[in-house]
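What follows is a single structure, written as structure tokens, with notes after it.
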Amino acid sequence: MRNRVVITGTGYVTSLGTLPETILHSVQQNTPAFRTSEHFSDCMECPISDFDLTQSTGRWKNKKYLARGAQFALASAIRAVEDCGLNTGHFENAGLFTGTGPNFDIGTDFPDVQGGKLDNDSLAALWMLKYLPNTAASAISQFLHIHGENSTIGTACSASTQAIGEAFRKIKDGYLTVALAGGGDSRLSHGGLLAYNKAQALWNNWGEPTGACRPFDAERNGFITGEGGAMFVLESLEHAQQRGAHIIAEICGYGATMDAQSMTAPHPEGHYAEQAVKAALAEAVLLPEAIDLVAAHGTSTQLNDQMEAAMLERVFYTEDTSRTPQVTALKSWIGHCAAASGAVELGVLLALLAQGIVPPVRNLTAPCSENIAFVTREEPFSGSHILLENFGFGGQNSALVMRLWS
Amino acid sequence: MFSFKKVQRVITEVLELEPEEVTSETYIMRDLPTESIDLMEYGVGLAKECGISVHDETVFIKSLRLHMAEAEDRGLDPVTYLMSKYPHLSAERLTEMISTVHEGPVLQVRDIVAYVDHAKRH
């Protein structure tokens, strides 16, 4: 049994906003939330400044066990279910696929560590829950009464894309009819920024925050740490049509591979990233020419963008391709949301495309490739097929091919 | 009253309740949505808030029924036996607990307050 799989609900918490209108407004006003970090004066970050989980959950005693990323995931899940028009009673047999990252907010829980002695009076008895990867899924399931197949995916910056891909496969193959998929993450703590600062992955050019983060630009030199969450309700097309659901997009294909090359750096030729993209196209039964828009991983690091641009050229911009896609990079708007990257980027993209707008790659003035049709100013969108790419520390590559529903 | 406020604060913070929802007579397990992990958080919170050493088994009278059975098996007066296990509770309160234990978990906020006051005195 092979089902077609559609997205019928979205919920997101992003630094551009939590509603389609506010995201559009932020893009049109060119006001991403980049700023200098409170923790490290030589780092920049892209925070969500006015988030309060209580607005989504109401009074709930277990909030204290959720790291910030898990809070974003839970808030997004509640919004996605509200958006899809199904009540929570319909989620009993639904699946739940959550992309999460490690909680690096160590300084909050252990502010006075000396000699390795961790215990302090302010620790909750169950403080460990904030550090367990599946706590987000546990909280979401409690709130939405989800009892079906589930998985917590921890494949770094590829995680939430893979969560959506896994949910897609489960529905396509008939194991599930409805699933919730996406993720939430934040690395904006002292520990999170310290981790990436030591790894020399962060933007380290002085200058105005608005000029930082420039994917695929010759002057790129690191990413901006972001945060956020996004969850999507996926269901079989048959189920969605039977209940008269508002269909947002169809997921047509998914590809996932591993580089088996390096602990952090991407494969220099992007060979396996290319395989992931081609696998997603093959599952969608589409030629590269059918893709109208690529939402690139585009981290603004030297290595990723060089690899990704070369890979895009090979797949989409060969001499004999009759039609080529536009390419954008959402991290130039929301920073790098780590494990939540793919889901948040998809949420923002779907919100903007539904309003007819393709967001440009910000700060791209000297593209590293002359062949690729990067979007450099806000443009209208009339296409239908989009490709989402995300690659993670550890060599995980993932790609989703989707078709906007019309 | 001083200890009650502290116990009340611990419980309301763990469960995210308003102060008026937790009175001296409130049953911890019957009236409040207390789960086993919440008892652990109460224990940690009492230690921090009241500056006492907390023995969860005793303060939350977790083994009340077991101790009642032990007293019966050994032919001992149940109130006297329970007083040896729960020295912070009065004979009158333990008698009341024994007579109402069939109605459900008997632990009330005032019993935790009694534990705190007793711990501070000793």
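Labels used: A, B, ... for chains in the order of the structure tokens, numbers from 1 for residues in each chain, and numbers from 1 for ligands as shown.
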Write out as a CSV table (one decimal) with N, CA, C and O atoms, in the first residue's frame the residues lying within 10 Å of A:Ala290, counting only C-alpha atoms and excluding same-chain residues fewer than 3 positions away.
```csv
chain,number,residue,atom,x,y,z
A,281,LEU,N,14.5,13.3,-5.3
A,281,LEU,CA,13.9,13.5,-6.6
A,281,LEU,C,13.4,12.2,-7.2
A,281,LEU,O,12.3,12.2,-7.8
A,285,VAL,N,9.7,11.0,-8.3
A,285,VAL,CA,9.6,10.8,-9.8
A,285,VAL,C,9.6,12.1,-10.5
A,285,VAL,O,8.8,12.4,-11.4
A,286,LEU,N,10.6,12.9,-10.2
A,286,LEU,CA,10.8,14.2,-10.8
A,286,LEU,C,12.2,14.3,-11.3
A,286,LEU,O,13.2,13.9,-10.7
A,287,LEU,N,12.4,15.0,-12.5
A,287,LEU,CA,13.7,15.4,-12.9
A,287,LEU,C,14.1,16.7,-12.2
A,287,LEU,O,13.2,17.4,-11.8
A,293,LEU,N,12.2,25.8,-6.7
A,293,LEU,CA,12.9,26.6,-5.7
A,293,LEU,C,13.6,25.6,-4.8
A,293,LEU,O,13.1,24.6,-4.3
A,316,PHE,N,21.6,20.7,-10.8
A,316,PHE,CA,20.6,21.5,-11.4
A,316,PHE,C,21.1,22.5,-12.5
A,316,PHE,O,20.3,23.0,-13.2
A,322,SER,N,17.3,22.1,-19.1
A,322,SER,CA,16.5,23.1,-19.9
A,322,SER,C,15.9,24.1,-19.0
A,322,SER,O,15.5,25.2,-19.4
A,323,ARG,N,15.8,23.8,-17.7
A,323,ARG,CA,15.1,24.7,-16.8
A,323,ARG,C,15.8,24.6,-15.4
A,323,ARG,O,16.2,23.5,-15.0
A,324,THR,N,16.0,25.8,-14.7
A,324,THR,CA,16.8,25.7,-13.5
A,324,THR,C,16.0,26.4,-12.4
A,324,THR,O,15.1,27.2,-12.6
A,325,PRO,N,16.2,25.9,-11.1
A,325,PRO,CA,15.5,26.5,-10.0
A,325,PRO,C,16.1,27.8,-9.4
A,325,PRO,O,17.3,28.1,-9.6
A,383,GLY,N,5.7,29.1,-8.8
A,383,GLY,CA,6.0,27.6,-9.1
A,383,GLY,C,5.3,26.8,-8.1
A,383,GLY,O,4.4,27.2,-7.3
A,384,SER,N,5.7,25.5,-8.1
A,384,SER,CA,5.0,24.6,-7.2
A,384,SER,C,6.0,23.6,-6.4
A,384,SER,O,5.7,23.2,-5.3
A,385,HIS,N,7.1,23.2,-7.1
A,385,HIS,CA,7.9,22.2,-6.5
A,385,HIS,C,9.1,22.8,-5.7
A,385,HIS,O,9.8,23.6,-6.3
A,386,ILE,N,9.3,22.4,-4.5
A,386,ILE,CA,10.4,22.9,-3.7
A,386,ILE,C,11.2,21.8,-3.1
A,386,ILE,O,10.7,20.7,-2.9
```
* Near stretch 36-39 of chain B, counting only C-alpha atoms, which residues have an atom at most 12 Å away, once you skip same-chain residues fewer than 3 positions from it, shown as a PyMOL selection string? -> (chain A and resi 61-62+64-65+124-127+129) or (chain B and resi 10-16+28-29+32-33+42-46+54-62+107+112)
* Structure fact -> Between B:His122, B:Lys6, B:His67, B:Lys48, smallest distance to chain A by only C-alpha atoms belongs to B:Lys48
Nearby residues (only C-alpha atoms) at most 10 Å from A:Val277, same-chain spacing under 6 positions excluded, as a short mmCIF file (atom, residue, chain, number, x, y, z; two decimals) with N, CA and C atoms, in the first residue's frame:
```
data_model
loop_
_atom_site.label_atom_id
_atom_site.label_comp_id
_atom_site.auth_asym_id
_atom_site.auth_seq_id
_atom_site.Cartn_x
_atom_site.Cartn_y
_atom_site.Cartn_z
N GLY A 253 8.96 13.28 -1.96
CA GLY A 253 10.15 12.43 -1.90
C GLY A 253 11.08 12.84 -0.77
N TYR A 254 11.84 11.86 -0.31
CA TYR A 254 12.76 12.07 0.82
C TYR A 254 14.04 11.29 0.55
N GLY A 255 15.16 11.90 0.84
CA GLY A 255 16.43 11.21 0.71
C GLY A 255 17.29 11.48 1.92
N ALA A 256 18.02 10.46 2.38
CA ALA A 256 18.92 10.64 3.53
C ALA A 256 20.15 9.76 3.33
N THR A 257 21.31 10.35 3.55
CA THR A 257 22.57 9.61 3.40
C THR A 257 23.55 10.04 4.49
N PRO A 288 15.39 16.99 -12.19
CA PRO A 288 15.83 18.25 -11.56
C PRO A 288 15.12 19.47 -12.16
N MET A 311 27.56 21.13 -5.44
CA MET A 311 26.57 20.05 -5.60
C MET A 311 25.35 20.55 -6.38
N LEU A 312 24.88 21.75 -6.04
CA LEU A 312 23.72 22.30 -6.75
C LEU A 312 24.04 22.50 -8.23
N VAL A 315 23.81 19.10 -9.97
CA VAL A 315 22.47 18.50 -10.10
C VAL A 315 21.55 19.36 -10.97
N LEU A 387 12.50 22.09 -2.99
CA LEU A 387 13.44 21.14 -2.41
C LEU A 387 14.05 21.76 -1.16
N LEU A 388 14.01 21.01 -0.06
CA LEU A 388 14.62 21.45 1.20
C LEU A 388 15.84 20.59 1.46
N GLU A 389 16.98 21.22 1.72
CA GLU A 389 18.21 20.48 2.00
C GLU A 389 18.72 20.81 3.39
N ASN A 390 19.14 19.80 4.13
CA ASN A 390 19.81 20.06 5.40
C ASN A 390 20.90 19.03 5.65
N ASN A 397 23.03 13.78 5.80
CA ASN A 397 22.46 14.60 4.72
C ASN A 397 21.00 14.23 4.54
N SER A 398 20.16 15.23 4.34
CA SER A 398 18.74 14.93 4.12
C SER A 398 18.14 15.92 3.14
N ALA A 399 17.13 15.46 2.42
CA ALA A 399 16.47 16.31 1.43
C ALA A 399 15.01 15.89 1.32
N LEU A 400 14.16 16.89 1.19
CA LEU A 400 12.73 16.65 1.01
C LEU A 400 12.27 17.37 -0.26
N VAL A 401 11.51 16.69 -1.09
CA VAL A 401 10.89 17.32 -2.25
C VAL A 401 9.39 17.46 -1.97
#
```
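Backbone DSSP over stretch 317-368 of chain A gives helix (DSSP H, G or I) for Lys331, Ser332, Trp333, Ile334, Ala338, Ala339, Ala340, Ser341, Gly342, Ala343, Val344, Glu345, Leu346, Gly347, Val348, Leu349, Leu350, Ala351, Leu352 and Leu353 of chain A.
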Restricted to C-alpha atoms, what would the selected residues look like written as a compact mmCIF listing (two decimals), in the first residue's frame?
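Listed below is the output, again11.txt:
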```
# COMPACT_ATOMS: atom_id res chain seq x y z
CA LYS A 331 19.53 30.92 7.65
CA SER A 332 20.28 34.45 6.46
CA TRP A 333 16.93 35.34 8.09
CA ILE A 334 16.67 33.14 11.18
CA ALA A 338 20.56 23.51 14.74
CA ALA A 339 18.42 20.36 15.05
CA ALA A 340 15.33 22.42 14.27
CA SER A 341 16.86 23.97 11.13
CA GLY A 342 14.92 22.05 8.51
CA ALA A 343 11.55 22.28 10.23
CA VAL A 344 11.84 25.99 11.04
CA GLU A 345 13.12 26.80 7.54
CA LEU A 346 10.23 24.84 6.03
CA GLY A 347 7.75 26.59 8.29
CA VAL A 348 9.02 30.04 7.36
CA LEU A 349 9.21 29.14 3.67
CA LEU A 350 5.67 27.74 3.52
CA ALA A 351 4.37 30.81 5.34
CA LEU A 352 6.01 33.13 2.80
CA LEU A 353 5.20 31.07 -0.30
```
* Asked: Using only C-alpha atoms, which residues sit within 10 Å of stretch 85-87 of chain A once same-chain residues fewer than 6 positions away are excluded, as a PyMOL selection string?
  -> chain A and resi 8-9+144+233+243-246
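One distance worth recording is that between atom CA of A:Leu364 and atom CA of A:Val294, which is 15.9 Å.
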May I have the residues within 12 Å of stretch 91-102 of chain B as a compact mmCIF listing (two decimals) with N, CA and C atoms, in the first residue's frame, using only C-alpha atoms and disregarding those fewer than 5 positions away in the same chain?
```txt
# COMPACT_ATOMS: atom_id res chain seq x y z
N TYR B 27 -5.66 17.65 50.92
CA TYR B 27 -5.04 16.33 50.80
C TYR B 27 -4.06 16.35 49.64
N ARG B 30 -5.11 13.34 47.11
CA ARG B 30 -6.53 13.29 46.70
C ARG B 30 -7.00 14.59 46.09
N ILE B 61 4.68 9.89 54.50
CA ILE B 61 4.10 8.68 55.12
C ILE B 61 3.81 7.60 54.07
N LEU B 64 2.66 4.00 55.41
CA LEU B 64 1.67 3.99 56.50
C LEU B 64 0.94 2.65 56.60
N ARG B 65 0.43 2.18 55.48
CA ARG B 65 -0.33 0.93 55.51
C ARG B 65 0.56 -0.26 55.90
N HIS B 67 3.18 -0.14 57.83
CA HIS B 67 3.44 -0.07 59.27
C HIS B 67 2.20 -0.46 60.08
N MET B 68 1.03 -0.13 59.58
CA MET B 68 -0.21 -0.56 60.28
C MET B 68 -0.29 -2.09 60.29
N ALA B 69 0.08 -2.71 59.19
CA ALA B 69 0.04 -4.18 59.11
C ALA B 69 1.08 -4.80 60.04
N ASP B 77 -0.02 -1.87 69.74
CA ASP B 77 -0.98 -0.78 69.57
C ASP B 77 -0.57 0.03 68.34
N PRO B 78 -1.46 0.15 67.37
CA PRO B 78 -1.06 0.79 66.10
C PRO B 78 -0.62 2.24 66.26
N VAL B 79 -1.31 3.00 67.11
CA VAL B 79 -0.94 4.41 67.27
C VAL B 79 0.46 4.53 67.89
N THR B 80 0.71 3.73 68.91
CA THR B 80 2.03 3.76 69.54
C THR B 80 3.12 3.38 68.55
N TYR B 81 2.83 2.34 67.76
CA TYR B 81 3.82 1.88 66.79
C TYR B 81 4.07 2.96 65.73
N LEU B 82 2.98 3.55 65.24
CA LEU B 82 3.12 4.58 64.20
C LEU B 82 3.85 5.82 64.73
N MET B 83 3.67 6.13 66.01
CA MET B 83 4.37 7.28 66.60
C MET B 83 5.88 7.08 66.58
N SER B 84 6.28 5.77 66.67
CA SER B 84 7.73 5.50 66.61
C SER B 84 8.26 5.71 65.19
N LYS B 85 7.40 5.53 64.21
CA LYS B 85 7.81 5.70 62.81
C LYS B 85 7.66 7.15 62.36
N TYR B 86 6.63 7.81 62.86
CA TYR B 86 6.33 9.19 62.44
C TYR B 86 6.29 10.10 63.67
N LEU B 107 -2.53 11.77 53.59
CA LEU B 107 -1.55 12.84 53.81
C LEU B 107 -2.16 14.20 53.48
N GLN B 108 -2.05 15.11 54.44
CA GLN B 108 -2.52 16.49 54.25
C GLN B 108 -1.34 17.45 54.38
N ARG B 110 -0.97 19.87 56.33
CA ARG B 110 -0.60 20.10 57.74
C ARG B 110 0.36 19.03 58.26
N ASP B 111 0.32 17.81 57.69
CA ASP B 111 1.24 16.76 58.12
C ASP B 111 2.67 17.07 57.68
N ALA B 114 3.90 19.72 59.95
CA ALA B 114 4.33 19.11 61.23
C ALA B 114 5.72 18.52 61.11
```
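In this structure, atom CA of A:Leu132 sits 18.2 Å away from atom CA of A:Ala75.
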* Given the choices A:Gly191, A:Gly17, A:Gly101, A:Gly270, which gets closest to A:Met258 if the distance is worked out from only C-alpha atoms? -> A:Gly270
* To do: Apply DSSP to the backbone of this structure and, from stretch 98-268 of chain A, keep only the residues in strand (DSSP E or B); write these as a PyMOL selection string.
  => chain A and resi 98-99+114+117+150-153+178-186+202+217+223+225-236+249-258
